[in-house]
Amino acid sequence: VKVLVIGGTGTIGGAVAQALSHRHDVIACGLTSGDVQADITEPDNIRDLFSGAGPVDAVVVTAGEATFKPLAEMTEEDYETGFRSKLMGQVNVVRLGEPHVRDNGSFTLTSGITSHEPMAGSTGFSMVNAAIEGFVRAAALELPRGIRINAVSPQWASQTLELYGMDPSMGLPPERLAAGYVESVEGKRTGLVIDAGWRYDGSDIVSVDAP
Ligand SMILES: NC(=O)c1ccc[n+]([C@@H]2O[C@H](COP(=O)([O-])OP(=O)(O)OC[C@H]3O[C@@H](n4cnc5c(N)ncnc54)[C@H](OP(=O)(O)O)[C@@H]3O)[C@@H](O)[C@H]2O)c1
């Protein structure tokens, strides 16, 4: 099937694109890199992306920013970054992309572990991650033509922890996180938050948190 991976050149998206490319025709979209480029904070860019990519069977989004800062330092603009980019960027991909997804196709969005495992500094992420999960559960009831939608909630990637100067051994290699996305694209279920990695037990199995 034809899969558009928005954010497909990043840490997680790159591993997802790689995992899917064994069995599918993958188009990797980045902001400035990849097979095609688009900015998901700009609705016109999203429209152009889908017009150019043509009908697709699956859309995966592993792009979107939010702000990580102590609560006392978070400004309204910091919250708006997450709202405009990680939340509304992904919501607009679904709204504007739906007519370009084939019957029985799918959307897979990205939330994150901080929706249900918050930490100091995570309010900007926790807020949008929880909103993405709520959107997915509700949108699954209404998407037409058998189109499915799930969110994947990744654990920390080891590379990302290293980048932030934290202990990488607490994270997982992105290839392991990719399994949750593959399950969403290739499986039959909809309206789920797929917990990719958090209850990792040494196997490739991902646990599924049904609402
Ligand atoms: N990494 C982790 O440990 C972790 C854990 C939990 C959740 N997450 C979530 O997973 C998602 C991906 O994280 P990541 O660490 O893989 O990010 P990343 O390495 O920074 O990669 C981001 C990807 O998105 C693209 N991108 C950035 N801004 C964009 C925009 N406005 N429109 C379209 N594409 C854009 C980038 O393209 P360019 O390369 O061209 O800029 C790149 O392909 C994020 O939502 C993040 O919150 C990550």
# chains A, B, ... in the order shown; residues from 1 in each chain; ligands from 1

$ residues_near_ligand --ligand "ligand 1" --cutoff "7 Å" --atoms "only C-alpha atoms and all ligand atoms" --output "MDAnalysis selection string"
chainID A and resid 6:13 29:34 38:41 62:66 85:86 110:113 153:158 160:161

$ write_last_selection --atoms "C-alpha atoms" --output "compact mmCIF listing (two decimals), in the first residue's frame"
# COMPACT_ATOMS: atom_id res chain seq x y z
CA ILE A 6 4.85 13.10 7.61
CA GLY A 7 7.94 13.58 9.77
CA GLY A 8 9.40 10.54 8.02
CA THR A 9 12.95 11.89 8.14
CA GLY A 10 13.05 12.36 11.94
CA THR A 11 14.20 10.12 14.78
CA ILE A 12 10.96 8.18 15.12
CA GLY A 13 9.56 8.83 11.62
CA CYS A 29 7.73 14.05 4.13
CA GLY A 30 9.88 16.47 6.13
CA LEU A 31 9.78 20.18 6.81
CA THR A 32 12.91 20.74 4.73
CA SER A 33 14.03 17.16 3.98
CA GLY A 34 12.56 13.94 2.58
CA ALA A 38 5.39 20.45 3.86
CA ASP A 39 4.79 22.48 7.01
CA ILE A 40 1.83 21.01 8.90
CA THR A 41 1.27 24.33 10.70
CA THR A 62 5.48 11.85 13.44
CA ALA A 63 5.90 15.63 13.22
CA GLY A 64 4.85 18.47 15.48
CA GLU A 65 6.45 20.64 18.11
CA ALA A 66 5.59 21.54 21.69
CA SER A 85 2.04 22.60 15.68
CA LYS A 86 1.70 19.25 17.40
CA THR A 110 1.61 10.69 17.46
CA SER A 111 0.90 11.61 21.08
CA GLY A 112 3.49 10.70 23.72
CA ILE A 113 4.13 9.12 27.07
CA SER A 153 2.18 7.07 22.22
CA PRO A 154 5.94 6.56 22.01
CA GLN A 155 8.26 6.05 24.94
CA TRP A 156 11.48 8.09 24.90
CA ALA A 157 13.87 7.29 22.06
CA SER A 158 17.43 6.69 23.32
CA THR A 160 16.47 11.93 22.08
CA LEU A 161 17.50 11.36 25.72

$ residues_around --residues "Glu183 (chain A)" --least-positions-apart "3" --cutoff "10 Å" --atoms "only C-alpha atoms" --output "list in words"
Thr108, Asn150, Val152, Ala178, Ala179, Gly180, Glu186, Gly187, Lys188, Arg189, Ile194, Ala196, Ile205, Val206 and Val208 of chain A

$ select_by_dssp --residues "region 110-153 of chain A" --states "helix (DSSP H, G or I)" --output "ChimeraX atom specification"
/A:113-115,123-139

$ write_last_selection --atoms "N, CA, C and O atoms" --output "compact mmCIF listing (two decimals), in the first residue's frame"
# COMPACT_ATOMS: atom_id res chain seq x y z
N ILE A 113 4.22 9.70 25.73
CA ILE A 113 4.13 9.12 27.07
C ILE A 113 3.66 10.13 28.14
O ILE A 113 3.00 9.77 29.10
N THR A 114 3.97 11.44 27.92
CA THR A 114 3.65 12.42 28.97
C THR A 114 2.16 12.70 29.10
O THR A 114 1.76 13.40 30.02
N SER A 115 1.31 12.14 28.21
CA SER A 115 -0.14 12.34 28.41
C SER A 115 -0.59 11.63 29.68
O SER A 115 -1.47 12.12 30.37
N THR A 123 4.15 20.15 30.97
CA THR A 123 2.75 20.59 30.78
C THR A 123 2.45 20.89 29.32
O THR A 123 1.36 20.57 28.84
N GLY A 124 3.40 21.50 28.59
CA GLY A 124 3.17 21.85 27.19
C GLY A 124 2.93 20.61 26.34
O GLY A 124 2.09 20.61 25.44
N PHE A 125 3.67 19.54 26.61
CA PHE A 125 3.51 18.28 25.88
C PHE A 125 2.30 17.49 26.40
O PHE A 125 1.51 16.97 25.61
N SER A 126 2.17 17.41 27.74
CA SER A 126 1.09 16.60 28.32
C SER A 126 -0.26 17.09 27.83
O SER A 126 -1.15 16.29 27.50
N MET A 127 -0.41 18.43 27.75
CA MET A 127 -1.68 19.03 27.33
C MET A 127 -2.04 18.60 25.90
O MET A 127 -3.15 18.11 25.66
N VAL A 128 -1.10 18.73 24.96
CA VAL A 128 -1.45 18.41 23.58
C VAL A 128 -1.50 16.90 23.36
O VAL A 128 -2.33 16.42 22.58
N ASN A 129 -0.67 16.15 24.05
CA ASN A 129 -0.69 14.69 23.86
C ASN A 129 -2.05 14.11 24.28
O ASN A 129 -2.62 13.26 23.59
N ALA A 130 -2.57 14.60 25.41
CA ALA A 130 -3.89 14.13 25.86
C ALA A 130 -4.98 14.55 24.88
O ALA A 130 -5.92 13.79 24.60
N ALA A 131 -4.84 15.75 24.32
CA ALA A 131 -5.83 16.25 23.36
C ALA A 131 -5.82 15.40 22.08
O ALA A 131 -6.86 15.09 21.52
N ILE A 132 -4.64 15.02 21.63
CA ILE A 132 -4.52 14.19 20.43
C ILE A 132 -5.22 12.84 20.66
O ILE A 132 -5.96 12.35 19.80
N GLU A 133 -5.01 12.28 21.84
CA GLU A 133 -5.64 10.98 22.13
C GLU A 133 -7.16 11.11 22.18
O GLU A 133 -7.89 10.24 21.66
N GLY A 134 -7.67 12.20 22.74
CA GLY A 134 -9.12 12.43 22.76
C GLY A 134 -9.66 12.61 21.35
O GLY A 134 -10.72 12.06 21.00
N PHE A 135 -8.94 13.35 20.53
CA PHE A 135 -9.36 13.58 19.14
C PHE A 135 -9.47 12.25 18.39
O PHE A 135 -10.46 11.99 17.70
N VAL A 136 -8.47 11.41 18.55
CA VAL A 136 -8.43 10.13 17.82
C VAL A 136 -9.60 9.22 18.22
O VAL A 136 -10.26 8.62 17.37
N ARG A 137 -9.86 9.15 19.53
CA ARG A 137 -10.95 8.27 19.99
C ARG A 137 -12.29 8.73 19.42
O ARG A 137 -13.13 7.91 19.05
N ALA A 138 -12.49 10.05 19.35
CA ALA A 138 -13.77 10.57 18.84
C ALA A 138 -13.83 10.52 17.32
O ALA A 138 -14.86 10.15 16.74
N ALA A 139 -12.72 10.88 16.65
CA ALA A 139 -12.73 10.91 15.18
C ALA A 139 -12.97 9.52 14.61
O ALA A 139 -13.57 9.37 13.53

$ select_by_dssp --residues "region 2-208 of chain A" --states "strand (DSSP E)" --output "ChimeraX atom specification"
/A:2-6,25-30,36-37,56-61,101-110,148-154,193-196,207-208

$ atom_distance --atom1 "CA of Asn104 (chain A)" --atom2 "CA of Pro43 (chain A)"
24.2 Å

$ closest_residue --among "A:Tyr79, A:Tyr181, A:Tyr164, A:Phe107" --to "Val59 (chain A)" --atoms "only C-alpha atoms"
A:Phe107

$ atom_distance --atom1 "CA of Leu177 (chain A)" --atom2 "CA of Val16 (chain A)"
8.1 Å

$ closest_residue --among "A:Pro118, A:Pro168, A:Pro174, A:Val101" --to "Leu143 (chain A)" --atoms "only C-alpha atoms"
A:Val101

$ closest_residue --among "A:Leu87, A:Val94, A:Leu172, A:Ala151" --to "Val193 (chain A)" --atoms "only C-alpha atoms"
A:Ala151

$ decode --residues "region 113-152 of chain A" --atoms "N, CA and C atoms" --output "compact mmCIF listing (two decimals), in the first residue's frame"
# COMPACT_ATOMS: atom_id res chain seq x y z
N ILE A 113 4.22 9.70 25.73
CA ILE A 113 4.13 9.12 27.07
C ILE A 113 3.66 10.13 28.14
N THR A 114 3.97 11.44 27.92
CA THR A 114 3.65 12.42 28.97
C THR A 114 2.16 12.70 29.10
N SER A 115 1.31 12.14 28.21
CA SER A 115 -0.14 12.34 28.41
C SER A 115 -0.59 11.63 29.68
N HIS A 116 0.01 10.48 29.97
CA HIS A 116 -0.41 9.75 31.19
C HIS A 116 0.73 9.50 32.16
N GLU A 117 1.96 9.83 31.79
CA GLU A 117 3.10 9.73 32.71
C GLU A 117 3.78 11.10 32.70
N PRO A 118 3.17 12.12 33.33
CA PRO A 118 3.75 13.46 33.28
C PRO A 118 5.05 13.55 34.07
N MET A 119 5.84 14.56 33.76
CA MET A 119 7.05 14.84 34.53
C MET A 119 7.19 16.35 34.65
N ALA A 120 8.03 16.81 35.56
CA ALA A 120 8.23 18.26 35.71
C ALA A 120 8.68 18.81 34.37
N GLY A 121 8.06 19.87 33.91
CA GLY A 121 8.42 20.49 32.64
C GLY A 121 7.57 20.03 31.47
N SER A 122 6.65 19.08 31.70
CA SER A 122 5.96 18.49 30.55
C SER A 122 4.57 19.07 30.28
N THR A 123 4.15 20.15 30.97
CA THR A 123 2.75 20.59 30.78
C THR A 123 2.45 20.89 29.32
N GLY A 124 3.40 21.50 28.59
CA GLY A 124 3.17 21.85 27.19
C GLY A 124 2.93 20.61 26.34
N PHE A 125 3.67 19.54 26.61
CA PHE A 125 3.51 18.28 25.88
C PHE A 125 2.30 17.49 26.40
N SER A 126 2.17 17.41 27.74
CA SER A 126 1.09 16.60 28.32
C SER A 126 -0.26 17.09 27.83
N MET A 127 -0.41 18.43 27.75
CA MET A 127 -1.68 19.03 27.33
C MET A 127 -2.04 18.60 25.90
N VAL A 128 -1.10 18.73 24.96
CA VAL A 128 -1.45 18.41 23.58
C VAL A 128 -1.50 16.90 23.36
N ASN A 129 -0.67 16.15 24.05
CA ASN A 129 -0.69 14.69 23.86
C ASN A 129 -2.05 14.11 24.28
N ALA A 130 -2.57 14.60 25.41
CA ALA A 130 -3.89 14.13 25.86
C ALA A 130 -4.98 14.55 24.88
N ALA A 131 -4.84 15.75 24.32
CA ALA A 131 -5.83 16.25 23.36
C ALA A 131 -5.82 15.40 22.08
N ILE A 132 -4.64 15.02 21.63
CA ILE A 132 -4.52 14.19 20.43
C ILE A 132 -5.22 12.84 20.66
N GLU A 133 -5.01 12.28 21.84
CA GLU A 133 -5.64 10.98 22.13
C GLU A 133 -7.16 11.11 22.18
N GLY A 134 -7.67 12.20 22.74
CA GLY A 134 -9.12 12.43 22.76
C GLY A 134 -9.66 12.61 21.35
N PHE A 135 -8.94 13.35 20.53
CA PHE A 135 -9.36 13.58 19.14
C PHE A 135 -9.47 12.25 18.39
N VAL A 136 -8.47 11.41 18.55
CA VAL A 136 -8.43 10.13 17.82
C VAL A 136 -9.60 9.22 18.22
N ARG A 137 -9.86 9.15 19.53
CA ARG A 137 -10.95 8.27 19.99
C ARG A 137 -12.29 8.73 19.42
N ALA A 138 -12.49 10.05 19.35
CA ALA A 138 -13.77 10.57 18.84
C ALA A 138 -13.83 10.52 17.32
N ALA A 139 -12.72 10.88 16.65
CA ALA A 139 -12.73 10.91 15.18
C ALA A 139 -12.97 9.52 14.61
N ALA A 140 -12.53 8.48 15.33
CA ALA A 140 -12.72 7.10 14.86
C ALA A 140 -14.20 6.77 14.66
N LEU A 141 -15.06 7.44 15.42
CA LEU A 141 -16.50 7.18 15.32
C LEU A 141 -17.11 7.77 14.05
N GLU A 142 -16.41 8.76 13.47
CA GLU A 142 -17.04 9.53 12.38
C GLU A 142 -16.33 9.47 11.04
N LEU A 143 -15.10 9.00 11.00
CA LEU A 143 -14.41 9.00 9.70
C LEU A 143 -15.17 8.11 8.72
N PRO A 144 -15.32 8.56 7.48
CA PRO A 144 -16.13 7.81 6.52
C PRO A 144 -15.34 6.69 5.83
N ARG A 145 -16.03 5.91 5.03
CA ARG A 145 -15.46 4.96 4.07
C ARG A 145 -14.51 3.94 4.69
N GLY A 146 -14.76 3.59 5.97
CA GLY A 146 -13.93 2.57 6.61
C GLY A 146 -12.54 3.04 6.98
N ILE A 147 -12.34 4.36 6.94
CA ILE A 147 -11.00 4.89 7.30
C ILE A 147 -10.80 4.80 8.81
N ARG A 148 -9.67 4.22 9.21
CA ARG A 148 -9.35 4.04 10.63
C ARG A 148 -8.44 5.17 11.12
N ILE A 149 -8.41 5.35 12.44
CA ILE A 149 -7.47 6.33 13.01
C ILE A 149 -7.03 5.85 14.39
N ASN A 150 -5.73 5.89 14.64
CA ASN A 150 -5.16 5.54 15.95
C ASN A 150 -4.10 6.57 16.30
N ALA A 151 -3.76 6.62 17.58
CA ALA A 151 -2.59 7.40 18.00
C ALA A 151 -1.55 6.43 18.53
N VAL A 152 -0.30 6.71 18.25
CA VAL A 152 0.78 5.96 18.88
C VAL A 152 1.40 6.87 19.93
